[in-house]
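Undergrad: The structure under discussion is supplied below as structure tokens; questions concerning it will follow.
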Amino acid sequence: MKVVNPLEELSEEELRARLEGSALPRHVAIIMDGNGRWARSRGFARIRGHQAGVKAVREVVTACREIGVPYLTLYAFSSENWERPSLEVAALMRLLKNYVVGERDELIEKEIRLRAIGRLDRLPVDVRAELARTMDRTAAFDRLTLTLALSYGGRAELVDAVRRIVVSGEERVDESVISAHLYAPDHPDPDLLVRTSGEFRVSNFLLWEIAYAEMYVTNVYWPDFRAKHLYAAIVDYIDRERRFGRVSARAGGRG
Ligand code: FPP
């Protein structure tokens, strides 16, 4: 579906200026979509789209750090993505490994903590090992927490949470108990959920955590997504009155 986002007509500088002095989202979550279509529209193999998508990942990470968004979560590989052709899965795993190895020094230099959520035990051993190394080496940083959702499914996360609750012997189950057993219980819920490529689906991403998130959809395919598009999404978010199903966010609290 085509969306109209007039803010994307503005320049990066204009958008950035509109962020000054505003309360930014604490947590931005992004469904990176459209790599395949980006590649197909250029006559390339799908994997070229994923490769180009890494540049967008770098740019968005840098932008979040610069403007002061403390949590960024990227949907990099879903539970369903295991069903893709084995060559594409292998290429995505290779890209992921190259990213966590190749960006390690940069993440350390920029004081960015890397985390991962999902059924990580399904990842190839070498990817898991490099991921763990980068996570360990960045664990003490808090300037930006970059979380990669890998082999991730929102329903699977809830199943895993319930399993852990059962094992823990906890008999009193309420929202706070479920939240405490999610993959990253210490992260705030996303305030803003961005999806690229004009699709309006949630696709099994952070189902529990996005209960009150504002959504922003852009037509831009992920490999073309730049800081400017992120700023447009955040300005749009800031301009909305957040109600949380009650009266008015401006009246205070979760109203
Ligand atoms: C969706 O596009 C995108 C993915 C399934 C993978 C996203 C991966 C990257 C951006 C690169 C690796 C990530 C990191 C963090 C290094 P699609 O293939 O479903 O696109 P389509 O809907 O147009 O086919």
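Labels used: A, B, ... for chains in the order of the structure tokens, numbers from 1 for residues in each chain, and numbers from 1 for ligands as shown.
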At most 7 Å is the cut-off: for each residue in chain A with any atom that close to an atom of ligand 1, write down the nearest atom pair and the distance in Å rounded to one decimal, counting only C-alpha atoms and all ligand atoms, chain first then increasing number, as a tab-separated table.
TA:
```
residue	atom	partner	partner_atom_place_in_ligand_line	distance
A:Met32	CA	ligand 1	3 (C)	5.4
A:Asp33	CA	ligand 1	1 (C)	3.9
A:Gly34	CA	ligand 1	23 (O)	3.3
A:Asn35	CA	ligand 1	20 (O)	4.0
A:Gly36	CA	ligand 1	23 (O)	3.6
A:Arg37	CA	ligand 1	23 (O)	3.6
A:Trp38	CA	ligand 1	23 (O)	6.3
A:Arg46	CA	ligand 1	18 (O)	6.8
A:His50	CA	ligand 1	11 (C)	4.6
A:Gln51	CA	ligand 1	11 (C)	6.0
A:Gly53	CA	ligand 1	10 (C)	4.1
A:Val54	CA	ligand 1	11 (C)	4.8
A:Val57	CA	ligand 1	15 (C)	6.2
A:Leu74	CA	ligand 1	15 (C)	6.9
A:Tyr75	CA	ligand 1	7 (C)	6.9
A:Ala76	CA	ligand 1	7 (C)	4.4
A:Phe77	CA	ligand 1	5 (C)	5.5
A:Asn81	CA	ligand 1	5 (C)	6.4
A:Leu92	CA	ligand 1	12 (C)	6.1
A:Leu95	CA	ligand 1	16 (C)	5.6
A:Leu96	CA	ligand 1	16 (C)	4.4
A:Tyr99	CA	ligand 1	16 (C)	5.0
A:Leu148	CA	ligand 1	15 (C)	6.4
A:Trp222	CA	ligand 1	10 (C)	6.9
```
Undergrad: I'd like the contact shell of Arg226 in chain A - 9 Å cut-off, only C-alpha atoms, skipping same-chain residues fewer than 3 positions apart - returned as a list in words.
TA: Lys55, Ala56, Val57, Glu59, Val60, Ala63, Trp222, Pro223, His229, Leu230 and Tyr231 of chain A
Undergrad: Take the residues that were just selected and, keeping N, CA and C atoms, output them as an mmCIF file, in the first residue's frame.
TA:
```
data_model
loop_
_atom_site.group_PDB
_atom_site.id
_atom_site.type_symbol
_atom_site.label_atom_id
_atom_site.label_comp_id
_atom_site.auth_asym_id
_atom_site.auth_seq_id
_atom_site.Cartn_x
_atom_site.Cartn_y
_atom_site.Cartn_z
ATOM 1 N N LYS A 55 24.079 -1.313 5.043
ATOM 2 C CA LYS A 55 24.441 0.105 5.059
ATOM 3 C C LYS A 55 23.362 0.920 5.803
ATOM 4 N N ALA A 56 22.104 0.549 5.546
ATOM 5 C CA ALA A 56 21.007 1.238 6.229
ATOM 6 C C ALA A 56 21.053 0.961 7.737
ATOM 7 N N VAL A 57 21.416 -0.272 8.095
ATOM 8 C CA VAL A 57 21.539 -0.610 9.519
ATOM 9 C C VAL A 57 22.576 0.308 10.165
ATOM 10 N N GLU A 59 23.653 3.201 9.231
ATOM 11 C CA GLU A 59 23.233 4.605 9.271
ATOM 12 C C GLU A 59 22.221 4.854 10.391
ATOM 13 N N VAL A 60 21.292 3.928 10.566
ATOM 14 C CA VAL A 60 20.256 4.114 11.580
ATOM 15 C C VAL A 60 20.845 3.996 12.991
ATOM 16 N N ALA A 63 22.595 7.233 13.650
ATOM 17 C CA ALA A 63 21.630 8.319 13.845
ATOM 18 C C ALA A 63 20.998 8.239 15.241
ATOM 19 N N TRP A 222 13.943 -0.989 2.636
ATOM 20 C CA TRP A 222 14.958 -0.885 3.678
ATOM 21 C C TRP A 222 16.342 -0.431 3.172
ATOM 22 N N PRO A 223 16.856 -0.956 2.061
ATOM 23 C CA PRO A 223 18.215 -0.531 1.656
ATOM 24 C C PRO A 223 18.309 0.966 1.345
ATOM 25 N N HIS A 229 14.913 9.403 7.011
ATOM 26 C CA HIS A 229 13.634 8.699 7.167
ATOM 27 C C HIS A 229 13.357 8.393 8.636
ATOM 28 N N LEU A 230 14.428 8.074 9.357
ATOM 29 C CA LEU A 230 14.251 7.846 10.795
ATOM 30 C C LEU A 230 13.789 9.136 11.472
ATOM 31 N N TYR A 231 14.426 10.250 11.123
ATOM 32 C CA TYR A 231 14.028 11.525 11.736
ATOM 33 C C TYR A 231 12.579 11.863 11.386
#
```
Undergrad: Could you give me, as number ranges by chain, the residues within 6 Å of range 65-70 of chain A, counting only C-alpha atoms and dropping anything in the same chain fewer than 2 positions from it?
TA: A: 26, 62-63, 144
Undergrad: How would the residues just picked look written out with all heavy atoms as a short mmCIF file (atom, residue, chain, number, x, y, z; two decimals), in the first residue's frame?
TA:
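Contents of the output file result.cif:
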```cif
data_model
loop_
_atom_site.label_atom_id
_atom_site.label_comp_id
_atom_site.auth_asym_id
_atom_site.auth_seq_id
_atom_site.Cartn_x
_atom_site.Cartn_y
_atom_site.Cartn_z
N ARG A 26 12.03 6.59 23.65
CA ARG A 26 13.15 5.90 24.33
C ARG A 26 13.54 4.65 23.57
O ARG A 26 14.67 4.21 23.64
CB ARG A 26 12.73 5.49 25.76
CG ARG A 26 12.69 6.64 26.73
CD ARG A 26 12.44 6.12 28.13
NE ARG A 26 13.61 5.41 28.66
CZ ARG A 26 13.55 4.48 29.60
NH1 ARG A 26 12.39 4.12 30.12
NH2 ARG A 26 14.64 3.89 30.03
N THR A 62 23.92 4.78 13.84
CA THR A 62 24.65 6.02 14.09
C THR A 62 23.69 7.16 14.40
O THR A 62 23.91 7.95 15.32
CB THR A 62 25.50 6.38 12.84
OG1 THR A 62 26.35 5.27 12.57
CG2 THR A 62 26.32 7.63 13.05
N ALA A 63 22.59 7.23 13.65
CA ALA A 63 21.63 8.32 13.85
C ALA A 63 21.00 8.24 15.24
O ALA A 63 20.86 9.26 15.93
CB ALA A 63 20.56 8.26 12.76
N LEU A 144 23.76 3.58 23.75
CA LEU A 144 22.68 3.06 22.91
C LEU A 144 22.70 1.55 23.06
O LEU A 144 23.77 0.94 23.01
CB LEU A 144 22.91 3.43 21.43
CG LEU A 144 22.04 2.69 20.40
CD1 LEU A 144 20.57 3.03 20.56
CD2 LEU A 144 22.48 3.03 18.97
#
```
Undergrad: Can you list, as a PyMOL selection string, all residues belonging to range 51-234 of chain A that DSSP tags as strand (DSSP E or B)?
TA: chain A and resi 71-78+112-117+144-152+192-195+214-217
Undergrad: Can I get the selected residues back with N, CA, C and O atoms, as a tab-separated table (two decimals), in the first residue's frame?
TA:
```
chain	number	residue	atom	x	y	z
A	71	TYR	N	17.40	3.10	22.96
A	71	TYR	CA	17.16	1.69	22.60
A	71	TYR	C	16.68	1.60	21.14
A	71	TYR	O	15.75	2.30	20.75
A	72	LEU	N	17.34	0.73	20.40
A	72	LEU	CA	16.95	0.48	19.01
A	72	LEU	C	16.89	-1.04	18.83
A	72	LEU	O	17.86	-1.75	19.13
A	73	THR	N	15.76	-1.53	18.36
A	73	THR	CA	15.64	-2.97	18.09
A	73	THR	C	15.33	-3.20	16.62
A	73	THR	O	14.40	-2.59	16.07
A	74	LEU	N	16.12	-4.04	15.99
A	74	LEU	CA	15.96	-4.31	14.55
A	74	LEU	C	15.55	-5.76	14.33
A	74	LEU	O	16.17	-6.68	14.88
A	75	TYR	N	14.51	-5.93	13.50
A	75	TYR	CA	14.03	-7.29	13.18
A	75	TYR	C	14.89	-7.81	12.03
A	75	TYR	O	14.63	-7.53	10.85
A	76	ALA	N	15.94	-8.53	12.36
A	76	ALA	CA	16.93	-8.93	11.35
A	76	ALA	C	16.66	-10.31	10.77
A	76	ALA	O	17.06	-10.59	9.63
A	77	PHE	N	16.02	-11.19	11.55
A	77	PHE	CA	15.76	-12.55	11.05
A	77	PHE	C	14.62	-13.15	11.88
A	77	PHE	O	14.78	-13.36	13.09
A	78	SER	N	13.51	-13.42	11.23
A	78	SER	CA	12.35	-13.93	11.97
A	78	SER	C	12.36	-15.46	12.03
A	78	SER	O	13.07	-16.12	11.26
A	112	ILE	N	28.30	1.50	22.20
A	112	ILE	CA	26.99	0.91	21.90
A	112	ILE	C	26.97	-0.54	22.39
A	112	ILE	O	27.88	-1.31	22.08
A	113	ARG	N	25.96	-0.85	23.15
A	113	ARG	CA	25.83	-2.22	23.64
A	113	ARG	C	25.03	-3.04	22.63
A	113	ARG	O	23.96	-2.61	22.19
A	114	LEU	N	25.55	-4.19	22.27
A	114	LEU	CA	24.82	-5.07	21.35
A	114	LEU	C	24.14	-6.16	22.16
A	114	LEU	O	24.76	-6.78	23.04
A	115	ARG	N	22.87	-6.39	21.86
A	115	ARG	CA	22.14	-7.51	22.45
A	115	ARG	C	21.40	-8.26	21.35
A	115	ARG	O	21.25	-7.76	20.24
A	116	ALA	N	20.91	-9.42	21.68
A	116	ALA	CA	20.14	-10.20	20.70
A	116	ALA	C	18.98	-10.86	21.42
A	116	ALA	O	19.10	-11.27	22.58
A	117	ILE	N	17.84	-10.93	20.74
A	117	ILE	CA	16.67	-11.62	21.29
A	117	ILE	C	16.18	-12.62	20.24
A	117	ILE	O	16.31	-12.38	19.05
A	144	LEU	N	23.76	3.58	23.75
A	144	LEU	CA	22.68	3.06	22.91
A	144	LEU	C	22.70	1.55	23.06
A	144	LEU	O	23.77	0.94	23.01
A	145	THR	N	21.53	0.98	23.28
A	145	THR	CA	21.43	-0.49	23.26
A	145	THR	C	20.83	-0.89	21.92
A	145	THR	O	19.68	-0.55	21.62
A	146	LEU	N	21.64	-1.57	21.13
A	146	LEU	CA	21.19	-2.06	19.82
A	146	LEU	C	20.84	-3.53	19.98
A	146	LEU	O	21.70	-4.35	20.32
A	147	THR	N	19.57	-3.84	19.78
A	147	THR	CA	19.13	-5.24	19.92
A	147	THR	C	18.76	-5.80	18.56
A	147	THR	O	17.96	-5.21	17.84
A	148	LEU	N	19.36	-6.92	18.23
A	148	LEU	CA	19.01	-7.61	16.99
A	148	LEU	C	18.03	-8.73	17.32
A	148	LEU	O	18.31	-9.57	18.18
A	149	ALA	N	16.88	-8.72	16.67
A	149	ALA	CA	15.92	-9.82	16.82
A	149	ALA	C	16.32	-10.86	15.78
A	149	ALA	O	16.25	-10.61	14.58
A	150	LEU	N	16.74	-12.03	16.28
A	150	LEU	CA	17.31	-13.06	15.41
A	150	LEU	C	16.62	-14.39	15.69
A	150	LEU	O	16.53	-14.78	16.87
A	151	SER	N	16.18	-15.04	14.65
A	151	SER	CA	15.41	-16.25	14.85
A	151	SER	C	14.30	-15.93	15.85
A	151	SER	O	14.02	-16.67	16.78
A	152	TYR	N	13.72	-14.76	15.63
A	152	TYR	CA	12.77	-14.20	16.59
A	152	TYR	C	11.32	-14.33	16.11
A	152	TYR	O	11.02	-14.08	14.93
A	192	LEU	N	7.90	3.60	19.45
A	192	LEU	CA	7.70	3.83	18.02
A	192	LEU	C	8.10	2.57	17.26
A	192	LEU	O	9.21	2.07	17.43
A	193	LEU	N	7.18	2.09	16.42
A	193	LEU	CA	7.45	0.93	15.56
A	193	LEU	C	7.44	1.40	14.11
A	193	LEU	O	6.44	1.94	13.65
A	194	VAL	N	8.56	1.23	13.44
A	194	VAL	CA	8.69	1.66	12.04
A	194	VAL	C	8.68	0.43	11.15
A	194	VAL	O	9.34	-0.57	11.47
A	195	ARG	N	7.96	0.50	10.03
A	195	ARG	CA	8.04	-0.58	9.04
A	195	ARG	C	8.29	0.03	7.67
A	195	ARG	O	7.62	0.98	7.27
A	214	GLU	N	3.41	3.58	18.86
A	214	GLU	CA	2.91	4.31	17.69
A	214	GLU	C	3.55	3.67	16.47
A	214	GLU	O	4.73	3.32	16.49
A	215	MET	N	2.76	3.54	15.39
A	215	MET	CA	3.32	2.93	14.17
A	215	MET	C	3.60	3.96	13.10
A	215	MET	O	2.83	4.91	12.95
A	216	TYR	N	4.68	3.77	12.40
A	216	TYR	CA	5.02	4.63	11.25
A	216	TYR	C	5.41	3.71	10.10
A	216	TYR	O	6.31	2.89	10.24
A	217	VAL	N	4.71	3.88	8.98
A	217	VAL	CA	5.01	3.07	7.79
A	217	VAL	C	5.53	4.00	6.70
A	217	VAL	O	4.97	5.07	6.47
```
Undergrad: Applying 9 Å and only C-alpha atoms, which residues near Ile165 in chain A remain after dropping the ones on its own chain fewer than 5 positions away? List them as a ChimeraX atom specification.
TA: /A:160,170-171,173,177-178,181
Undergrad: What parts of range 15-212 of chain A does DSSP call helix (DSSP H, G or I)? I'd like the answer as a VMD selection string.
TA: chain A and resid 15 to 19 35 to 40 46 to 67 79 to 83 86 to 102 104 to 109 120 to 122 125 to 138 154 to 168 175 to 180
Undergrad: May I have the residues within 9 Å of Ala213 in chain A as a PyMOL selection string, using only C-alpha atoms and disregarding those fewer than 4 positions away in the same chain?
TA: chain A and resi 189-193+209+244
Undergrad: Would you compute the distance between CA of Ala161 in chain A and CA of Ala184 in chain A? Give it in Å to one decimal.
TA: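 Calculated distance between CA of Ala161 in chain A and CA of Ala184 in chain A is 10.7 Å.
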Undergrad: Quick one: residues within 9 Å of Lys2 in chain A, only C-alpha atoms counted, chain neighbours fewer than 5 positions away excluded, as a list in words?
TA: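 Here the answer would be Ser197, Gly198, Glu199, Thr218 and Asn219 of chain A.
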Undergrad: Save out the residues we just selected, N, CA, C and O atoms, as a JSON list (two decimals), in the first residue's frame.
TA:
```json
[["chain", "number", "residue", "atom", "x", "y", "z"],
["A", 197, "SER", "N", 8.86, -0.29, 3.34],
["A", 197, "SER", "CA", 8.33, -0.93, 2.12],
["A", 197, "SER", "C", 6.80, -0.91, 2.02],
["A", 197, "SER", "O", 6.23, -1.69, 1.26],
["A", 198, "GLY", "N", 6.16, -0.03, 2.79],
["A", 198, "GLY", "CA", 4.72, 0.19, 2.60],
["A", 198, "GLY", "C", 3.80, -0.90, 3.09],
["A", 198, "GLY", "O", 2.62, -0.92, 2.76],
["A", 199, "GLU", "N", 4.31, -1.82, 3.90],
["A", 199, "GLU", "CA", 3.46, -2.91, 4.41],
["A", 199, "GLU", "C", 2.93, -2.52, 5.80],
["A", 199, "GLU", "O", 3.64, -1.93, 6.59],
["A", 218, "THR", "N", 6.62, 3.59, 6.08],
["A", 218, "THR", "CA", 7.15, 4.36, 4.95],
["A", 218, "THR", "C", 7.22, 3.47, 3.71],
["A", 218, "THR", "O", 7.41, 2.25, 3.83],
["A", 219, "ASN", "N", 7.08, 4.09, 2.54],
["A", 219, "ASN", "CA", 7.17, 3.32, 1.29],
["A", 219, "ASN", "C", 8.60, 2.88, 0.97],
["A", 219, "ASN", "O", 8.81, 1.99, 0.16]]
```
Undergrad: One decimal, Å: what's the distance from CA of Phe205 in chain A over to CA of Ser79 in chain A, could you say?
TA: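 Those two atoms sit 10.0 Å apart.
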Undergrad: Measuring atom to atom with only C-alpha atoms, identify which of A:Ile30, A:Arg172, A:Arg119, A:Glu83 is nearest to Ile210 in chain A.
TA: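 Closest to Ile210 in chain A of all the choices is A:Ile30.
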Undergrad: Residues within 12 Å of Val159 in chain A, please, as a list in words. Count only C-alpha atoms; anything in the same chain fewer than 3 positions from it doesn't count.
TA: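 Listing them by chain and then by number gives Gly118, Arg119, Tyr152, Gly153, Gly154, Arg155, Ala156, Val162, Arg163, Arg164, Ile165, Val166, Ile178, His181, Leu182, Tyr183, Leu207 and Trp208 of chain A.
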Undergrad: Calculate how many Å separate CA of Ser203 in chain A from CA of Arg143 in chain A, rounding to one decimal.
TA: 28.7 Å
